[in-house]
Amino acid sequence: MLKLIPGIGNITAGKIWNFIRSKENPVEAVFDAYTIVPKKAAGAFNLFLEMFSMLKHERYMSTPSSAIDYVLHHGYEDYLHATYPNAEMRVEDVMQMMKFSRRYDSLETFLSEMTLQGLAEAAEGADASEGRVILSTVHQAKGLEWGVVFLIGLNDGKFPSAKSLKNDDEEEERRLFYVGVTRAKESLFLCYPVTADDWQTMGIARPSRFIKELPEDSFEEMAVEDV
């Protein structure tokens, strides 16, 4: 988080981290770390402390979705738009996480289940004999692999998204598609419905253009009827 603050780089972030990690209460010690922060970052660091202080209130500790919403709209969304060409997709990922967090009434419980360590352990330990299914976004799956992978919703307007096509971000979507298809070690299933009834794609739903770009001898096509 420290390195998201304008004016704070690796060296300063390391100094702050070493300062707070030696304290009995590292979270509270963050508020005493202003002496380490360079002048050029002082204003942004104070805004960070204000946000940190707000998130300690019971309203956010007991409602993870409110905490995520607060962070998103108090600097993080601006940071994404200033840093990444696919900022809208990243914001959408955060919004999906916000929706998922509504089932929790404790920030601590939510965070413990969302740790990257837990995701990595699940990825390494899950196999067919255990009968477990791991749900993940493409962004979360970076660097991970599974024996069998299903990529779902591969329709034009979904992946690539209609917004990315409108904003000329097709190449970024193609890169994410590559990330998704290379997560499988044994079997890969590219799935899409042939009809849709949502407001965006009423009627016939076209398969993603990324599937059409694949060599015909690289996959076997299957049609699954209603069962």
# chains A, B, ... in the order shown; residues from 1 in each chain; ligands from 1
>>> residues_around(residues="Glu108 of chain A", least_positions_apart="3", cutoff="12 Å", atoms="only C-alpha atoms", output="list of chain:residue names")
A:Lys56, A:Glu58, A:Tyr60, A:Met61, A:Ser62, A:Thr63, A:Pro64, A:Ala67, A:Ser101, A:Tyr104, A:Asp105, A:Leu111, A:Ser112, A:Glu113, A:Met114, A:Thr115
>>> residues_around(residues="Ser187 of chain A", least_positions_apart="4", cutoff="7 Å", atoms="only C-alpha atoms", output="compact mmCIF listing (two decimals) with N, CA, C and O atoms, in the first residue's frame")
# COMPACT_ATOMS: atom_id res chain seq x y z
N GLY A 147 -4.72 -28.25 -13.10
CA GLY A 147 -4.76 -29.37 -14.03
C GLY A 147 -5.80 -29.15 -15.12
O GLY A 147 -5.54 -29.33 -16.31
N VAL A 148 -7.00 -28.75 -14.73
CA VAL A 148 -8.11 -28.53 -15.66
C VAL A 148 -8.64 -27.11 -15.45
O VAL A 148 -8.87 -26.70 -14.31
N VAL A 149 -8.83 -26.39 -16.54
CA VAL A 149 -9.31 -25.01 -16.46
C VAL A 149 -10.50 -24.82 -17.39
O VAL A 149 -10.48 -25.27 -18.54
>>> atom_distance(atom1="atom CA of Glu145 of chain A", atom2="atom CA of Ala184 of chain A")
5.8 Å
>>> closest_residue(among="A:Glu213, A:Glu173, A:Asp168, A:Glu220", to="Leu188 of chain A", atoms="only C-alpha atoms")
A:Glu220
>>> closest_residue(among="A:Gly157, A:Pro85, A:Pro26, A:Pro6", to="Lys40 of chain A", atoms="only C-alpha atoms")
A:Pro6
>>> residues_around(residues="Gly75 of chain A", least_positions_apart="3", cutoff="12 Å", atoms="only C-alpha atoms", output="list in words")
Met1, Leu4, Ile5, Pro6, Ala44, Phe45, Leu47, Phe48, Glu50, Met51, Ile68, Asp69, Tyr70, Val71, Leu72, Asp78, Tyr79, Leu80, His81 and Ala82 of chain A
>>> closest_residue(among="A:Arg209, A:Lys39, A:Arg132, A:Glu186", to="Leu165 of chain A", atoms="only C-alpha atoms")
A:Arg209
>>> select_by_dssp(residues="segment 36-211 of chain A", states="helix (DSSP H, G or I)", output="MDAnalysis selection string")
chainID A and resid 39:55 58:61 64:83 87:101 107:114 116:125 128:130 138:141 162:166 170:181 209:211
>>> closest_residue(among="A:Val138, A:Ala29, A:Ile204, A:Ala41", to="Arg175 of chain A", atoms="only C-alpha atoms")
A:Val138
